[in-house]
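Reproduced below: target-v9.txt, with compact mmCIF, C-alpha atoms and all ligand atoms.
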```txt
# COMPACT_ATOMS: atom_id res chain seq x y z
CA MET V 153 0.00 0.00 0.00
CA THR V 154 1.36 3.43 -0.94
CA ASP V 155 1.33 6.50 1.31
CA ASP V 156 -1.42 7.83 -0.88
CA PHE V 157 -3.78 5.16 0.37
CA ARG V 158 -3.22 5.42 4.11
CA PRO V 159 -5.43 8.49 4.77
CA ALA V 160 -7.91 6.90 2.34
CA GLU V 161 -8.06 3.75 4.47
CA MET V 162 -8.78 5.95 7.50
CA LEU V 163 -11.56 7.70 5.58
CA ALA V 164 -13.02 4.34 4.56
CA GLU V 165 -12.91 3.29 8.24
CA ARG V 166 -14.76 6.46 9.30
CA LEU V 167 -17.38 5.88 6.60
CA ARG V 168 -17.86 2.29 7.81
CA ALA V 169 -18.35 3.55 11.37
CA ARG V 170 -20.84 6.17 10.16
CA ILE V 171 -22.81 3.54 8.23
CA ALA V 172 -22.79 1.28 11.32
CA SER V 173 -24.31 4.03 13.46
CA GLU V 174 -26.56 5.89 10.94
CA GLY V 175 -27.40 3.14 8.47
CA PRO V 176 -26.81 3.33 4.70
CA LEU V 177 -25.66 6.79 3.51
CA PRO V 178 -27.35 8.61 0.62
CA VAL V 179 -25.00 8.87 -2.38
CA SER V 180 -24.75 12.64 -1.75
CA ALA V 181 -23.39 12.11 1.79
CA PHE V 182 -20.84 9.59 0.53
CA MET V 183 -19.79 12.01 -2.23
CA MET V 184 -19.40 14.92 0.23
CA GLU V 185 -17.10 12.89 2.46
CA ALA V 186 -15.08 11.47 -0.42
CA LEU V 187 -14.48 14.93 -1.89
CA PHE V 188 -14.20 17.18 1.17
CA ASP V 189 -13.21 15.15 4.23
CA PRO V 190 -10.65 17.58 5.73
CA VAL V 191 -7.95 14.93 6.06
CA ALA V 192 -8.46 12.48 3.22
CA GLY V 193 -11.06 14.06 0.88
CA PHE V 194 -10.07 14.22 -2.78
CA TYR V 195 -10.06 18.03 -2.98
CA ALA V 196 -9.05 18.59 0.61
CA THR V 197 -5.71 16.89 0.39
CA LYS V 198 -3.97 17.52 -2.86
CA ASP V 199 -3.76 19.24 -6.19
CA PRO V 200 -5.67 16.86 -8.42
CA LEU V 201 -5.83 19.06 -11.52
CA GLY V 202 -3.61 19.05 -14.53
CA ALA V 203 -1.95 16.95 -17.14
CA HIS V 204 0.02 14.82 -14.70
CA ASN V 205 -2.68 14.47 -12.10
CA ASP V 206 -6.13 12.96 -12.01
CA PHE V 207 -7.99 14.87 -14.69
CA ILE V 208 -7.52 17.87 -16.94
CA THR V 209 -9.96 20.74 -17.33
CA ALA V 210 -10.37 23.32 -20.11
CA PRO V 211 -8.33 26.10 -18.43
CA GLU V 212 -5.49 23.62 -17.87
CA ILE V 213 -5.60 22.59 -21.55
CA SER V 214 -5.07 26.11 -22.84
CA GLN V 215 -4.84 29.74 -21.75
CA MET V 216 -7.24 30.53 -24.61
CA PHE V 217 -10.18 29.24 -22.55
CA GLY V 218 -9.75 31.71 -19.68
CA GLU V 219 -8.83 34.51 -22.05
CA LEU V 220 -12.07 34.10 -24.01
CA LEU V 221 -14.07 34.10 -20.76
CA GLY V 222 -12.16 37.26 -19.85
CA LEU V 223 -13.36 38.88 -23.09
CA TRP V 224 -16.89 37.74 -22.24
CA ALA V 225 -16.60 39.40 -18.83
CA VAL V 226 -15.27 42.66 -20.30
CA GLU V 227 -18.27 42.85 -22.63
CA CYS V 228 -20.73 42.04 -19.82
CA TRP V 229 -19.17 44.70 -17.62
CA SER V 230 -19.69 47.34 -20.26
CA GLN V 231 -23.31 46.12 -20.80
CA MET V 232 -23.86 46.64 -17.05
CA GLY V 233 -22.79 50.28 -17.38
CA SER V 234 -19.16 49.71 -16.22
CA PRO V 235 -19.84 49.69 -12.45
CA ASP V 236 -16.93 50.47 -10.11
CA PRO V 237 -16.29 48.50 -7.96
CA VAL V 238 -17.35 45.23 -9.55
CA GLN V 239 -17.07 41.85 -7.82
CA LEU V 240 -15.30 39.31 -10.02
CA ILE V 241 -16.23 35.98 -8.46
CA GLU V 242 -15.05 32.53 -9.47
CA LEU V 243 -16.65 29.41 -8.01
CA GLY V 244 -14.29 26.44 -7.66
CA PRO V 245 -11.14 28.03 -9.13
CA GLY V 246 -9.01 24.86 -9.02
CA THR V 247 -5.38 25.87 -9.52
CA GLY V 248 -6.26 29.53 -10.23
CA ARG V 249 -5.19 29.07 -13.82
CA MET V 250 -8.43 30.32 -15.34
CA MET V 251 -8.53 33.40 -13.10
CA SER V 252 -4.97 34.26 -14.09
CA ASP V 253 -5.90 34.01 -17.81
CA VAL V 254 -9.05 36.09 -17.22
CA LEU V 255 -6.98 38.73 -15.42
CA ARG V 256 -4.48 38.87 -18.32
CA VAL V 257 -7.35 40.02 -20.55
CA LEU V 258 -8.69 42.41 -17.89
CA ARG V 259 -5.32 44.14 -17.75
CA ALA V 260 -5.99 45.25 -21.31
CA ALA V 261 -9.35 46.74 -20.23
CA PRO V 262 -8.08 49.56 -18.02
CA GLY V 263 -11.34 50.68 -16.42
CA LEU V 264 -12.24 47.14 -15.48
CA VAL V 265 -8.92 46.11 -13.98
CA ASP V 266 -9.14 49.14 -11.69
CA ALA V 267 -12.75 48.42 -10.73
CA ALA V 268 -12.50 44.67 -10.18
CA GLU V 269 -12.20 42.97 -6.80
CA ALA V 270 -11.75 39.22 -7.13
CA THR V 271 -13.24 36.60 -4.82
CA LEU V 272 -12.35 32.93 -5.10
CA VAL V 273 -15.03 30.66 -3.66
CA GLU V 274 -13.13 27.54 -2.65
CA ALA V 275 -13.81 24.75 -0.17
CA SER V 276 -10.41 23.05 -0.28
CA PRO V 277 -7.61 24.43 1.93
CA ALA V 278 -5.00 22.71 -0.26
CA LEU V 279 -6.33 24.32 -3.44
CA LYS V 280 -6.57 27.74 -1.74
CA MET V 281 -2.81 27.54 -1.21
CA VAL V 282 -2.22 26.58 -4.84
CA GLN V 283 -4.45 29.49 -5.96
CA GLY V 284 -2.64 31.96 -3.70
CA ARG V 285 0.69 30.88 -5.16
CA ASN V 286 -0.44 31.01 -8.79
CA LEU V 287 -2.18 34.37 -8.40
CA SER V 288 0.45 36.17 -6.32
CA GLY V 289 0.98 38.78 -9.06
CA ALA V 290 -2.73 39.47 -9.61
CA PRO V 291 -3.49 43.08 -10.66
CA VAL V 292 -6.65 43.20 -8.52
CA PRO V 293 -7.35 42.64 -4.80
CA LEU V 294 -7.98 38.93 -4.11
CA ARG V 295 -10.12 37.40 -1.39
CA TRP V 296 -11.38 33.94 -0.61
CA ALA V 297 -14.86 32.95 0.52
CA PRO V 298 -16.19 29.55 1.53
CA ARG V 299 -19.55 30.16 -0.20
CA LEU V 300 -21.09 32.55 -2.70
CA GLU V 301 -23.21 34.11 0.06
CA ALA V 302 -20.02 35.19 1.83
CA ALA V 303 -18.65 37.16 -1.14
CA ARG V 304 -18.95 40.96 -1.00
CA PRO V 305 -22.26 42.34 -2.26
CA GLY V 306 -22.37 44.60 -5.32
CA PRO V 307 -22.41 44.45 -9.10
CA THR V 308 -21.04 41.04 -10.07
CA LEU V 309 -19.34 39.10 -12.84
CA LEU V 310 -19.28 35.42 -11.88
CA LEU V 311 -17.51 32.56 -13.65
CA ALA V 312 -17.54 28.85 -12.82
CA ASN V 313 -15.98 26.03 -14.83
CA GLU V 314 -16.51 22.43 -13.71
CA PHE V 315 -17.91 23.56 -10.37
CA LEU V 316 -21.48 22.27 -10.61
CA ASP V 317 -20.42 18.71 -11.46
CA CYS V 318 -18.84 18.17 -8.07
CA LEU V 319 -21.82 19.34 -6.04
CA PRO V 320 -23.21 16.25 -4.30
CA VAL V 321 -25.87 14.40 -6.20
CA ARG V 322 -28.62 12.14 -4.84
CA GLN V 323 -29.85 9.15 -6.74
CA ALA V 324 -33.23 7.45 -6.62
CA ILE V 325 -34.33 4.13 -8.11
CA ARG V 326 -37.87 3.09 -8.93
CA HIS V 327 -38.68 -0.16 -7.20
CA ASP V 328 -42.11 -1.84 -7.02
CA GLY V 329 -43.65 1.38 -8.31
CA ALA V 330 -42.06 3.61 -5.62
CA TRP V 331 -38.99 5.87 -5.81
CA ARG V 332 -36.36 4.95 -3.21
CA GLU V 333 -33.11 6.65 -2.26
CA ARG V 334 -29.99 4.91 -3.60
CA CYS V 335 -27.59 4.53 -0.67
CA VAL V 336 -24.13 3.24 0.13
CA ALA V 337 -23.70 0.45 2.68
CA LEU V 338 -21.18 -2.28 3.38
CA HIS V 339 -20.98 -5.15 0.93
CA PRO V 340 -22.61 -8.32 2.32
CA ASP V 341 -19.40 -10.28 1.59
CA GLU V 342 -17.92 -8.69 4.77
CA SER V 343 -14.76 -7.66 2.92
CA GLY V 344 -15.29 -4.11 4.20
CA ARG V 345 -15.87 -2.73 0.70
CA PHE V 346 -18.83 -0.53 -0.10
CA ALA V 347 -21.90 -1.42 -2.14
CA PHE V 348 -25.03 0.33 -3.38
CA VAL V 349 -28.31 -0.56 -1.65
CA LEU V 350 -31.90 0.68 -1.84
CA GLY V 351 -32.78 2.99 1.04
CA ALA V 352 -36.03 4.57 2.23
CA PRO V 353 -38.79 5.76 -0.12
CA LEU V 354 -38.48 9.43 -1.15
CA SER V 355 -40.63 11.97 0.69
CA ALA V 356 -43.30 13.89 -1.23
CA ALA V 357 -41.00 16.94 -1.27
CA ASP V 358 -38.17 14.89 -2.78
CA LEU V 359 -40.50 13.35 -5.36
CA ALA V 360 -41.27 16.87 -6.53
CA LEU V 361 -37.55 17.26 -7.37
CA ILE V 362 -37.79 14.55 -10.05
CA ALA V 363 -38.52 16.14 -13.44
CA PRO V 364 -42.18 15.39 -14.30
CA PRO V 365 -41.41 13.44 -17.52
CA LEU V 366 -39.22 11.06 -15.52
CA ARG V 367 -41.60 10.35 -12.64
CA ASP V 368 -43.55 7.60 -14.39
CA LEU V 369 -40.61 5.67 -15.84
CA PRO V 370 -40.68 1.92 -15.12
CA ASP V 371 -39.16 -0.07 -12.26
CA GLY V 372 -35.38 -0.18 -12.30
CA THR V 373 -35.01 3.40 -13.63
CA LEU V 374 -32.41 5.56 -11.87
CA VAL V 375 -32.79 9.34 -11.64
CA GLU V 376 -30.52 11.95 -10.10
CA LEU V 377 -31.49 14.82 -7.81
CA ARG V 378 -29.21 17.78 -7.29
CA PRO V 379 -30.03 19.19 -3.85
CA SER V 380 -27.37 21.93 -4.06
CA ASP V 381 -28.66 23.52 -7.29
CA ALA V 382 -31.61 25.43 -5.83
CA PRO V 383 -29.73 27.02 -2.88
CA LEU V 384 -26.95 28.16 -5.23
CA ILE V 385 -29.38 29.57 -7.82
CA ASN V 386 -31.38 31.30 -5.09
CA ALA V 387 -28.24 32.90 -3.63
CA LEU V 388 -27.31 34.11 -7.10
CA ALA V 389 -30.82 35.46 -7.74
CA GLU V 390 -30.77 37.36 -4.45
CA ARG V 391 -27.43 38.93 -5.38
CA PHE V 392 -28.67 39.80 -8.90
CA ALA V 393 -31.89 41.32 -7.56
CA ALA V 394 -29.91 43.73 -5.37
CA HIS V 395 -27.25 44.72 -7.96
CA PRO V 396 -26.69 44.08 -11.66
CA GLY V 397 -24.82 40.91 -12.49
CA TYR V 398 -23.96 38.22 -15.01
CA ALA V 399 -22.93 34.64 -14.19
CA LEU V 400 -21.52 32.01 -16.54
CA PHE V 401 -21.39 28.29 -15.76
CA ILE V 402 -19.62 25.74 -17.95
CA ASP V 403 -19.83 22.04 -17.28
CA TYR V 404 -20.69 18.68 -18.77
CA GLY V 405 -24.19 17.36 -18.80
CA ALA V 406 -27.43 17.11 -20.71
CA VAL V 407 -29.95 19.82 -21.46
CA GLU V 408 -33.13 17.83 -21.09
CA PRO V 409 -33.97 15.63 -18.13
CA GLU V 410 -32.61 12.18 -18.68
CA SER V 411 -32.64 9.15 -16.48
CA GLY V 412 -29.52 7.10 -15.81
CA ASP V 413 -26.50 6.93 -13.57
CA THR V 414 -23.93 9.64 -14.36
CA LEU V 415 -21.94 9.33 -11.13
CA GLN V 416 -18.36 8.74 -12.16
CA ALA V 417 -15.00 8.45 -10.51
CA ILE V 418 -11.75 9.45 -12.21
CA ARG V 419 -8.36 8.52 -10.79
CA LYS V 420 -5.19 9.26 -12.76
CA HIS V 421 -7.25 9.88 -15.93
CA GLU V 422 -8.95 6.46 -15.66
CA LYS V 423 -12.59 5.73 -14.84
CA VAL V 424 -12.74 3.68 -11.64
CA ASP V 425 -15.45 2.24 -9.36
CA PRO V 426 -17.02 5.26 -7.52
CA LEU V 427 -17.19 3.30 -4.27
CA ASP V 428 -13.58 2.09 -4.31
CA ALA V 429 -11.09 3.84 -1.98
CA PRO V 430 -13.14 7.04 -1.35
CA GLY V 431 -10.98 10.17 -1.38
CA THR V 432 -8.54 8.85 -3.99
CA ALA V 433 -10.68 9.63 -7.04
CA ASP V 434 -12.71 12.59 -8.24
CA LEU V 435 -16.45 11.94 -7.97
CA THR V 436 -18.73 13.93 -10.25
CA ALA V 437 -22.14 13.72 -11.85
CA TRP V 438 -23.59 15.36 -14.94
CA VAL V 439 -25.20 18.74 -14.58
CA ALA V 440 -28.90 18.93 -15.55
CA PHE V 441 -28.92 22.14 -17.57
CA GLY V 442 -32.64 22.28 -18.32
CA ALA V 443 -33.48 21.93 -14.63
CA LEU V 444 -30.91 24.59 -13.76
CA ALA V 445 -32.39 26.98 -16.32
CA ARG V 446 -35.92 26.49 -14.98
CA GLU V 447 -34.62 27.01 -11.43
CA GLY V 448 -33.05 30.30 -12.56
CA LEU V 449 -36.30 31.54 -14.14
CA LYS V 450 -38.27 30.55 -11.05
CA ALA V 451 -35.85 32.57 -8.92
CA GLY V 452 -36.49 35.67 -11.07
CA MET V 453 -33.30 35.79 -13.14
CA GLN V 454 -32.89 36.00 -16.88
CA VAL V 455 -31.47 32.77 -18.30
CA PHE V 456 -29.36 32.44 -21.48
CA GLY V 457 -28.31 29.22 -23.20
CA PRO V 458 -27.58 26.43 -22.63
CA VAL V 459 -25.37 26.17 -25.68
CA GLU V 460 -22.54 23.75 -26.46
CA GLN V 461 -19.04 24.82 -25.48
CA GLY V 462 -17.65 24.44 -29.04
CA PRO V 463 -19.93 26.97 -30.77
CA PHE V 464 -19.76 29.26 -27.72
CA LEU V 465 -15.96 29.47 -27.76
CA LYS V 466 -15.86 29.82 -31.54
CA GLY V 467 -18.42 32.62 -31.30
CA LEU V 468 -16.15 34.42 -28.82
CA GLY V 469 -13.25 34.16 -31.28
CA LEU V 470 -11.41 30.93 -30.43
CA ASP V 471 -10.00 30.56 -33.94
CA VAL V 472 -8.83 34.17 -34.09
CA ARG V 473 -7.21 33.84 -30.67
CA ALA V 474 -5.50 30.59 -31.72
CA GLY V 475 -4.23 32.26 -34.89
CA LEU V 476 -2.79 35.19 -32.90
CA LEU V 477 -1.08 32.89 -30.42
CA ALA V 478 0.41 30.82 -33.22
CA GLN V 479 1.91 33.84 -34.99
CA GLY V 480 5.68 33.69 -35.08
CA GLN V 481 5.78 30.28 -33.36
CA ASP V 482 7.63 27.23 -34.67
CA GLU V 483 5.71 24.45 -36.35
CA ALA V 484 5.49 22.24 -33.25
CA SER V 485 4.00 25.09 -31.19
CA ARG V 486 1.54 25.96 -33.94
CA ALA V 487 0.40 22.34 -34.08
CA ARG V 488 0.04 22.28 -30.30
CA ILE V 489 -2.15 25.40 -30.26
CA GLU V 490 -4.31 23.99 -33.04
CA ARG V 491 -4.65 20.74 -31.14
CA GLN V 492 -5.64 22.60 -27.95
CA ALA V 493 -8.34 24.55 -29.80
CA ALA V 494 -9.66 21.29 -31.23
CA ARG V 495 -9.78 19.71 -27.77
CA LEU V 496 -11.77 22.65 -26.38
CA ALA V 497 -14.22 22.95 -29.27
CA GLY V 498 -14.23 19.68 -31.25
CA PRO V 499 -17.63 17.97 -31.11
CA GLY V 500 -16.04 14.60 -30.34
CA GLU V 501 -13.94 16.17 -27.55
CA MET V 502 -15.15 18.83 -25.09
CA GLY V 503 -17.09 20.90 -27.61
CA ALA V 504 -20.46 19.13 -27.44
CA LEU V 505 -20.58 17.37 -24.07
CA PHE V 506 -19.75 20.62 -22.26
CA LYS V 507 -22.51 23.20 -22.13
CA VAL V 508 -22.59 26.88 -21.24
CA ILE V 509 -25.42 28.61 -19.38
CA ALA V 510 -25.66 32.20 -18.13
CA PHE V 511 -27.86 34.02 -15.65
CA ALA V 512 -28.39 37.77 -15.44
CA SER V 513 -30.23 40.40 -13.45
CA PRO V 514 -33.62 41.42 -14.85
CA GLY V 515 -33.32 44.13 -17.49
CA LEU V 516 -29.76 43.49 -18.68
CA PRO V 517 -29.13 42.69 -22.36
CA ALA V 518 -28.16 39.17 -23.49
CA PRO V 519 -24.50 38.36 -22.80
CA PRO V 520 -22.16 37.66 -25.74
CA GLY V 521 -22.58 34.29 -27.45
CA LEU V 522 -25.82 33.22 -25.77
CA ASP V 523 -29.51 33.42 -26.65
CA ARG V 524 -32.37 33.63 -24.22
CA PHE V 525 -33.44 30.26 -22.76
CA GLU V 526 -36.82 29.18 -24.06
CA ALA V 527 -38.63 26.97 -21.57
CA PRO V 528 -40.28 24.11 -23.47
CA GLY V 529 -43.97 24.87 -23.81
CA ALA V 530 -43.48 28.63 -23.24
CA ALA V 531 -45.35 30.90 -25.62
N1 LIG V 601 -12.56 25.44 -12.22
C1 LIG V 601 -11.34 24.67 -12.14
C2 LIG V 601 -11.42 23.53 -11.15
C3 LIG V 601 -12.51 22.50 -11.32
S1 LIG V 601 -12.48 21.27 -10.04
C4 LIG V 601 -10.94 24.18 -13.50
O1 LIG V 601 -11.75 24.27 -14.41
O2 LIG V 601 -9.81 23.72 -13.67
C5 LIG V 601 -13.71 21.84 -8.91
C6 LIG V 601 -13.30 22.99 -8.02
O3 LIG V 601 -14.42 23.35 -7.23
C7 LIG V 601 -12.18 22.71 -7.07
O4 LIG V 601 -11.45 23.89 -6.87
C8 LIG V 601 -12.96 22.30 -5.80
O5 LIG V 601 -12.21 22.34 -4.64
C9 LIG V 601 -14.07 23.33 -5.85
N2 LIG V 601 -15.31 22.99 -5.13
C10 LIG V 601 -16.08 21.90 -5.31
N3 LIG V 601 -17.18 21.94 -4.54
C11 LIG V 601 -17.12 23.09 -3.86
C12 LIG V 601 -17.99 23.73 -2.91
N4 LIG V 601 -19.11 23.16 -2.51
N5 LIG V 601 -17.62 24.93 -2.42
C13 LIG V 601 -16.49 25.54 -2.85
N6 LIG V 601 -15.62 24.98 -3.74
C14 LIG V 601 -15.93 23.78 -4.24
```
Starting from the file, give its structure as structure tokens.
Ligand code: SAH
Amino acid sequence: MTDDFRPAEMLAERLRARIASEGPLPVSAFMMEALFDPVAGFYATKDPLGAHNDFITAPEISQMFGELLGLWAVECWSQMGSPDPVQLIELGPGTGRMMSDVLRVLRAAPGLVDAAEATLVEASPALKMVQGRNLSGAPVPLRWAPRLEAARPGPTLLLANEFLDCLPVRQAIRHDGAWRERCVALHPDESGRFAFVLGAPLSAADLALIAPPLRDLPDGTLVELRPSDAPLINALAERFAAHPGYALFIDYGAVEPESGDTLQAIRKHEKVDPLDAPGTADLTAWVAFGALAREGLKAGMQVFGPVEQGPFLKGLGLDVRAGLLAQGQDEASRARIERQAARLAGPGEMGALFKVIAFASPGLPAPPGLDRFEAPGAA
């Protein structure tokens, strides 16, 4: 056993003790512990992002990603009437790479770089340190907050890439005509490993969280509930009701409600069993963009998108940016930049699976690259 696995074994032991005293844990509780246990949680303990680590995200693939979001933010700021100060908030900033690329573009927008105050909303102490190191030369004041609600009030530009996918997800399975919580318990083989089991029936309030078209699907169907979506959207709506703001979320997932298990675990770029060695793999689930959009409308915000990442980035000028970066470079560098652009926008790569959605205060114009969300059935 490597050193890497020792804290993980302790986390597994604590989870076993919790199951022994509380009974089977909902998938969301298991996911929370596996990601954020302060000693052995996946995000709590190390720097999992990047080419040599567990998985690679768009800002780590290329600086072009953050730069294009920076351009998006500059345009939104001017559409808001160039407020000063403006809160530049990033949810789940990872290594700080995207923020540093966004800030490079903001430097070229003089009014904005002087007006912006950046807040990084981060739960992981280890990643906060990485962010502090990577953003030490930032041209704007930097603060950290544990939650969106704790960020300074005021006009806001908010960005979040691959944040929503690691919010804990609940799963329910239809069994004998009733929806029951999918839980994690100990495997009956007494090896100490974890196994999925069926827990209690969902309450009426929980049943209401299942998208109506999915509620009558047959026995054996699995659906996912995202209990953290509504509190986040409501916090955003409250902020955007008080002051003008735009928020952009990018993540992978489907637009329309779909049934099926999207919980996945990635360790060292490989898909692994989500219940194996909690804390040593990233656990995520697909974002439900349609549900998120409807939640945003219900909370009183304007909603734009969702649109696929590929067309969105191309609309913001990905190809032009790639061409500029490639100018004067040798052939190998030019090929690398082209390859990076293809990874970000190619339909078989991140371009179609990843979606972009934006929220805005009532009355603001549409943000660049996104059309107004049309709720199905709306006139
Ligand atoms: N946006 C970065 C990192 C994505 S990984 C990128 O694209 O590379 C997810 C990030 O969200 C990590 O920084 C993780 O620690 C943070 N995070 C996840 N859940 C969180 C929560 N509930 N509160 C605050 N930060 C969270």
7 Å shell around ligand LIG 601 (chain V) using all atoms listed in the file, listed as a PDB file with C-alpha atoms, in the coordinates of the input:
```pdb
ATOM      1  CA  TYR V 195     -10.060  18.030  -2.980  1.00  0.00           C
ATOM      2  CA  LEU V 201      -5.830  19.060 -11.520  1.00  0.00           C
ATOM      3  CA  THR V 209      -9.960  20.740 -17.330  1.00  0.00           C
ATOM      4  CA  ALA V 210     -10.370  23.320 -20.110  1.00  0.00           C
ATOM      5  CA  PRO V 211      -8.330  26.100 -18.430  1.00  0.00           C
ATOM      6  CA  GLU V 212      -5.490  23.620 -17.870  1.00  0.00           C
ATOM      7  CA  LEU V 243     -16.650  29.410  -8.010  1.00  0.00           C
ATOM      8  CA  GLY V 244     -14.290  26.440  -7.660  1.00  0.00           C
ATOM      9  CA  PRO V 245     -11.140  28.030  -9.130  1.00  0.00           C
ATOM     10  CA  GLY V 246      -9.010  24.860  -9.020  1.00  0.00           C
ATOM     11  CA  THR V 247      -5.380  25.870  -9.520  1.00  0.00           C
ATOM     12  CA  MET V 250      -8.430  30.320 -15.340  1.00  0.00           C
ATOM     13  CA  VAL V 273     -15.030  30.660  -3.660  1.00  0.00           C
ATOM     14  CA  GLU V 274     -13.130  27.540  -2.650  1.00  0.00           C
ATOM     15  CA  ALA V 275     -13.810  24.750  -0.170  1.00  0.00           C
ATOM     16  CA  SER V 276     -10.410  23.050  -0.280  1.00  0.00           C
ATOM     17  CA  LEU V 279      -6.330  24.320  -3.440  1.00  0.00           C
ATOM     18  CA  PRO V 298     -16.190  29.550   1.530  1.00  0.00           C
ATOM     19  CA  ARG V 299     -19.550  30.160  -0.200  1.00  0.00           C
ATOM     20  CA  ALA V 312     -17.540  28.850 -12.820  1.00  0.00           C
ATOM     21  CA  ASN V 313     -15.980  26.030 -14.830  1.00  0.00           C
ATOM     22  CA  GLU V 314     -16.510  22.430 -13.710  1.00  0.00           C
ATOM     23  CA  PHE V 315     -17.910  23.560 -10.370  1.00  0.00           C
ATOM     24  CA  CYS V 318     -18.840  18.170  -8.070  1.00  0.00           C
ATOM     25  CA  LEU V 319     -21.820  19.340  -6.040  1.00  0.00           C
TER      26      LEU V 319
END
```
Which polymer residues have any atom within 6 Å of an atom of segment 427-435 of chain V, counting all atoms listed in the file, with same-chain residues fewer than 6 positions away left out, as a PyMOL selection string?
-> chain V and resi 160+186-187+192-194+346+416-419
So what do you get for atom CA of Pro514 of chain V versus atom CA of Ser230 of chain V, distance-wise?
-> 16.1 Å
Near Leu177 of chain V, counting only C-alpha atoms, which residues have an atom at most 7 Å away, once you skip same-chain residues fewer than 6 positions from it, shown as a short mmCIF file (atom, residue, chain, number, x, y, z; two decimals) with C-alpha atoms, in the frame of the given file?
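Result file result-v7.cif:
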```
data_model
loop_
_atom_site.label_atom_id
_atom_site.label_comp_id
_atom_site.auth_asym_id
_atom_site.auth_seq_id
_atom_site.Cartn_x
_atom_site.Cartn_y
_atom_site.Cartn_z
CA ILE V 171 -22.81 3.54 8.23
CA CYS V 335 -27.59 4.53 -0.67
CA VAL V 336 -24.13 3.24 0.13
CA ALA V 337 -23.70 0.45 2.68
#
```
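Taking atom CA of Asp471 of chain V and atom CA of Ala504 of chain V as endpoints, the distance between them is 16.8 Å.
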Non-local contacts of Met502 of chain V (10 Å; all atoms listed in the file; under 4 positions in same chain excluded) as a PyMOL selection string = chain V and resi 209-210+403-404+460-462+494-498+506-507
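You can rank V:Ala303, V:Ala387, V:Ala324, V:Leu477 by their closest distance to Asp358 of chain V using all atoms listed in the file, and at the top of that list sits V:Ala324.
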Å distance separating atom CA of Ser411 of chain V from atom CA of Gly457 of chain V, one decimal place | 21.6 Å
Within 12 Å of Arg256 of chain V, counting only C-alpha atoms, which residues qualify if same-chain residues fewer than 5 places away don't, as a count of residues only?
-> 22
In file coordinates, which residues lie within 9 Å of (-29.3, 12.7, -3.3) using all atoms listed in the file, given as number ranges by chain?
-> V: 178-181, 320-324, 333-335, 376-379
Near-Leu374 of chain V list (12 Å; only C-alpha atoms; drop same-chain fewer than 5 positions) as a PyMOL selection string | chain V and resi 322-327+330-334+350+362+366-369+409-415
Calculate, to one decimal in Å, the centre and edge lengths of the box along x, y and z of the file that holds all listed atoms of segment 408-420 of chain V with 3 Å of margin on each side, and present them as AutoDock Vina command-line options.
```
--center_x -19.6 --center_y 12.4 --center_z -15.8 --size_x 34.8 --size_y 16.9 --size_z 16.6
```
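Considering only C-alpha atoms, the residue among V:Met232, V:Met183, V:Ala357, V:Leu310 positioned nearest to Ala510 of chain V is V:Leu310.
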Using all atoms listed in the file, the residue out of V:Ala443, V:Trp296, V:Leu338, V:Ala527 with shortest distance to Ala169 of chain V is V:Leu338
Of the listed residues V:Ala302, V:Ala440, V:Leu359, V:Leu465, that which approaches Ile241 of chain V most closely, counting all atoms listed in the file = V:Ala302
